[in-house]
Amino acid sequence: MSDQEAIGEAVARTVRALRAGHGWSLDELAGRAGVSKGVLVGLEQGRGNPNLGTLIRISDALGVPLTRLVQVEEQPPIRMFPPDRHVVLWEGTHGGTGTLLGGSDPRPSLELWRWELRPGEVRESDPHVPGTKEIVYVEEGVLTLNVDGRGDLVEAGTAAVFVGDRPHTYGNAGKDDLRFILAVLDL
């Protein structure tokens with residue numbers, strides 16, 4: 001593959017991802033960038049050879065530097081988060097923890113958490129940005145999950161998907177420790 005082809009694929013991949021991250025249609029990005037929809041379709045399919053002015057208008061509309069569009073390898077296909085990179089970001093009153101295991105960036109972002117709540121502990125969470133989704137899998141114990149005033153019990157071996165853009169809490173009302181894995185998709 002030539003350098004020009006590699007750059008074309010990088011631009012296509014990056015523009016598609018950034019446009020999707022903004023939640024914009026092709027028409028919306030075309031209007032914001034002042035380019036035709038046809039130019040964007042060709043660009044996102046890796047066809048054509050857009051001029052520098054077109055690329056600058058698109059990068060400005062997306063709010064990123066031009067270099068971001070033409071980077072052939074923005075980041076490696078696999079990023080490792082070994083145990084020394086896991087971060088405890090919440091500590092409960094009885095010794096429970098909320099540990100961020102890894103995450104992606106920029107938006108849309110995905111976070112993976114491991115939670116341990118001791119009996120009686122509750123973690124209150126403010127609403128995330130609109131469109132955020134969460135999925136929880138309980139490994140041990142029973143999770144009391146409250147979302148926007150509705151409470152449900154999630155037992156060991158069970159997964160639950162819920163909206164994270166409303167007030168929500170994770171609690172352990174039981175007598176045993178609670179352990180669960182949580183993924184947060186922040187659109």
# chains A, B, ... in the order shown; residues from 1 in each chain; ligands from 1
call {"tool": "residues_around", "arguments": {"residues": "His86 (chain A)", "least_positions_apart": "4", "cutoff": "12 Å", "atoms": "only C-alpha atoms", "output": "VMD selection string"}}
result
chain A and resid 80 to 82 97 to 103 111 to 114
call {"tool": "residues_around", "arguments": {"residues": "Arg57 (chain A)", "least_positions_apart": "5", "cutoff": "10 Å", "atoms": "only C-alpha atoms", "output": "list in words"}}
result
Ala30, Arg32, Ala33, Gly34, Val35, Leu52, Leu62, Gly63 and Leu66 of chain A
call {"tool": "residues_around", "arguments": {"residues": "region 134-150 of chain A", "least_positions_apart": "5", "cutoff": "6 Å", "atoms": "only C-alpha atoms", "output": "VMD selection string"}}
result
chain A and resid 155 to 162 164 166 to 172 178 to 184
call {"tool": "select_by_dssp", "arguments": {"residues": "chain A", "states": "alpha helix (DSSP H)", "output": "ChimeraX atom specification"}}
result
/A:3-22,26-33,37-44,52-62,66-70
call {"tool": "write_last_selection", "arguments": {"atoms": "N, CA and C atoms", "output": "short mmCIF file (atom, residue, chain, number, x, y, z; two decimals), in the first residue's frame"}}
result
data_model
loop_
_atom_site.label_atom_id
_atom_site.label_comp_id
_atom_site.auth_asym_id
_atom_site.auth_seq_id
_atom_site.Cartn_x
_atom_site.Cartn_y
_atom_site.Cartn_z
N ASP A 3 1.95 5.28 0.47
CA ASP A 3 1.71 6.27 1.54
C ASP A 3 0.41 7.01 1.31
N GLN A 4 0.13 7.37 0.06
CA GLN A 4 -1.10 8.11 -0.27
C GLN A 4 -2.34 7.28 0.07
N GLU A 5 -2.29 5.98 -0.23
CA GLU A 5 -3.43 5.10 0.08
C GLU A 5 -3.60 4.96 1.60
N ALA A 6 -2.49 4.84 2.31
CA ALA A 6 -2.55 4.72 3.76
C ALA A 6 -3.13 5.98 4.39
N ILE A 7 -2.75 7.13 3.87
CA ILE A 7 -3.30 8.40 4.38
C ILE A 7 -4.78 8.49 4.07
N GLY A 8 -5.17 8.09 2.85
CA GLY A 8 -6.58 8.11 2.47
C GLY A 8 -7.42 7.23 3.39
N GLU A 9 -6.92 6.04 3.73
CA GLU A 9 -7.64 5.15 4.65
C GLU A 9 -7.71 5.75 6.05
N ALA A 10 -6.62 6.39 6.48
CA ALA A 10 -6.60 7.01 7.81
C ALA A 10 -7.62 8.14 7.88
N VAL A 11 -7.66 8.98 6.84
CA VAL A 11 -8.63 10.08 6.80
C VAL A 11 -10.05 9.52 6.81
N ALA A 12 -10.32 8.50 6.00
CA ALA A 12 -11.66 7.91 5.94
C ALA A 12 -12.07 7.38 7.31
N ARG A 13 -11.20 6.61 7.94
CA ARG A 13 -11.50 6.01 9.24
C ARG A 13 -11.72 7.09 10.31
N THR A 14 -10.87 8.09 10.31
CA THR A 14 -10.94 9.14 11.34
C THR A 14 -12.18 10.01 11.17
N VAL A 15 -12.46 10.42 9.94
CA VAL A 15 -13.64 11.27 9.71
C VAL A 15 -14.91 10.51 10.06
N ARG A 16 -15.01 9.24 9.66
CA ARG A 16 -16.20 8.44 10.02
C ARG A 16 -16.37 8.37 11.53
N ALA A 17 -15.28 8.08 12.24
CA ALA A 17 -15.36 7.92 13.70
C ALA A 17 -15.72 9.24 14.38
N LEU A 18 -15.08 10.33 13.96
CA LEU A 18 -15.36 11.63 14.59
C LEU A 18 -16.78 12.11 14.29
N ARG A 19 -17.24 11.89 13.06
CA ARG A 19 -18.60 12.30 12.70
C ARG A 19 -19.60 11.50 13.53
N ALA A 20 -19.37 10.19 13.65
CA ALA A 20 -20.26 9.35 14.46
C ALA A 20 -20.21 9.77 15.92
N GLY A 21 -19.02 10.13 16.39
CA GLY A 21 -18.88 10.58 17.78
C GLY A 21 -19.69 11.84 18.08
N HIS A 22 -19.82 12.69 17.08
CA HIS A 22 -20.63 13.90 17.24
C HIS A 22 -22.12 13.62 17.03
N LEU A 26 -24.05 12.73 7.40
CA LEU A 26 -23.18 13.26 6.35
C LEU A 26 -23.61 14.67 5.95
N ASP A 27 -24.94 14.87 5.84
CA ASP A 27 -25.45 16.20 5.48
C ASP A 27 -25.05 17.26 6.49
N GLU A 28 -25.12 16.90 7.78
CA GLU A 28 -24.79 17.87 8.82
C GLU A 28 -23.31 18.26 8.78
N LEU A 29 -22.44 17.27 8.65
CA LEU A 29 -21.01 17.58 8.57
C LEU A 29 -20.71 18.38 7.30
N ALA A 30 -21.34 18.00 6.19
CA ALA A 30 -21.12 18.74 4.95
C ALA A 30 -21.50 20.20 5.11
N GLY A 31 -22.63 20.46 5.75
CA GLY A 31 -23.06 21.84 5.98
C GLY A 31 -22.12 22.60 6.88
N ARG A 32 -21.68 21.96 7.95
CA ARG A 32 -20.77 22.62 8.90
C ARG A 32 -19.41 22.90 8.27
N ALA A 33 -18.96 22.00 7.38
CA ALA A 33 -17.64 22.14 6.78
C ALA A 33 -17.67 22.96 5.49
N LYS A 37 -21.84 16.90 0.06
CA LYS A 37 -22.04 15.56 0.64
C LYS A 37 -21.28 14.52 -0.18
N GLY A 38 -21.24 14.71 -1.50
CA GLY A 38 -20.52 13.78 -2.36
C GLY A 38 -19.04 13.70 -2.03
N VAL A 39 -18.44 14.84 -1.73
CA VAL A 39 -17.02 14.86 -1.33
C VAL A 39 -16.84 14.04 -0.06
N LEU A 40 -17.74 14.23 0.92
CA LEU A 40 -17.63 13.48 2.18
C LEU A 40 -17.84 11.98 1.98
N VAL A 41 -18.79 11.61 1.15
CA VAL A 41 -19.03 10.19 0.88
C VAL A 41 -17.76 9.56 0.30
N GLY A 42 -17.18 10.21 -0.70
CA GLY A 42 -15.95 9.71 -1.29
C GLY A 42 -14.82 9.63 -0.28
N LEU A 43 -14.71 10.67 0.54
CA LEU A 43 -13.65 10.72 1.54
C LEU A 43 -13.81 9.58 2.56
N GLU A 44 -15.06 9.36 3.04
CA GLU A 44 -15.29 8.32 4.04
C GLU A 44 -15.17 6.92 3.46
N LEU A 52 -6.12 20.24 0.28
CA LEU A 52 -5.80 20.69 1.62
C LEU A 52 -6.90 21.57 2.20
N GLY A 53 -7.45 22.48 1.39
CA GLY A 53 -8.52 23.36 1.87
C GLY A 53 -9.73 22.58 2.36
N THR A 54 -10.10 21.53 1.64
CA THR A 54 -11.23 20.68 2.04
C THR A 54 -10.93 19.99 3.36
N LEU A 55 -9.74 19.44 3.49
CA LEU A 55 -9.36 18.76 4.74
C LEU A 55 -9.35 19.73 5.92
N ILE A 56 -8.89 20.94 5.70
CA ILE A 56 -8.87 21.94 6.78
C ILE A 56 -10.30 22.29 7.19
N ARG A 57 -11.19 22.48 6.22
CA ARG A 57 -12.59 22.81 6.56
C ARG A 57 -13.24 21.67 7.35
N ILE A 58 -12.95 20.44 6.96
CA ILE A 58 -13.52 19.28 7.66
C ILE A 58 -12.94 19.17 9.07
N SER A 59 -11.63 19.35 9.22
CA SER A 59 -11.03 19.26 10.55
C SER A 59 -11.54 20.38 11.46
N ASP A 60 -11.72 21.58 10.91
CA ASP A 60 -12.27 22.69 11.70
C ASP A 60 -13.69 22.37 12.15
N ALA A 61 -14.51 21.84 11.24
CA ALA A 61 -15.89 21.51 11.59
C ALA A 61 -15.94 20.44 12.67
N LEU A 62 -15.00 19.49 12.63
CA LEU A 62 -14.97 18.41 13.62
C LEU A 62 -14.28 18.84 14.92
N LEU A 66 -5.75 19.38 11.89
CA LEU A 66 -5.59 18.68 10.62
C LEU A 66 -4.75 17.42 10.78
N THR A 67 -3.73 17.49 11.61
CA THR A 67 -2.85 16.33 11.79
C THR A 67 -3.62 15.11 12.27
N ARG A 68 -4.69 15.33 13.01
CA ARG A 68 -5.49 14.19 13.51
C ARG A 68 -6.14 13.43 12.35
N LEU A 69 -6.54 14.15 11.29
CA LEU A 69 -7.19 13.49 10.16
C LEU A 69 -6.22 12.64 9.35
N VAL A 70 -4.97 13.05 9.27
CA VAL A 70 -4.04 12.38 8.36
C VAL A 70 -3.06 11.45 9.07
#
call {"tool": "closest_residue", "arguments": {"among": "A:Pro119, A:Gly96, A:Ser104, A:Ser25", "to": "Pro77 (chain A)", "atoms": "only C-alpha atoms"}}
result
A:Ser104
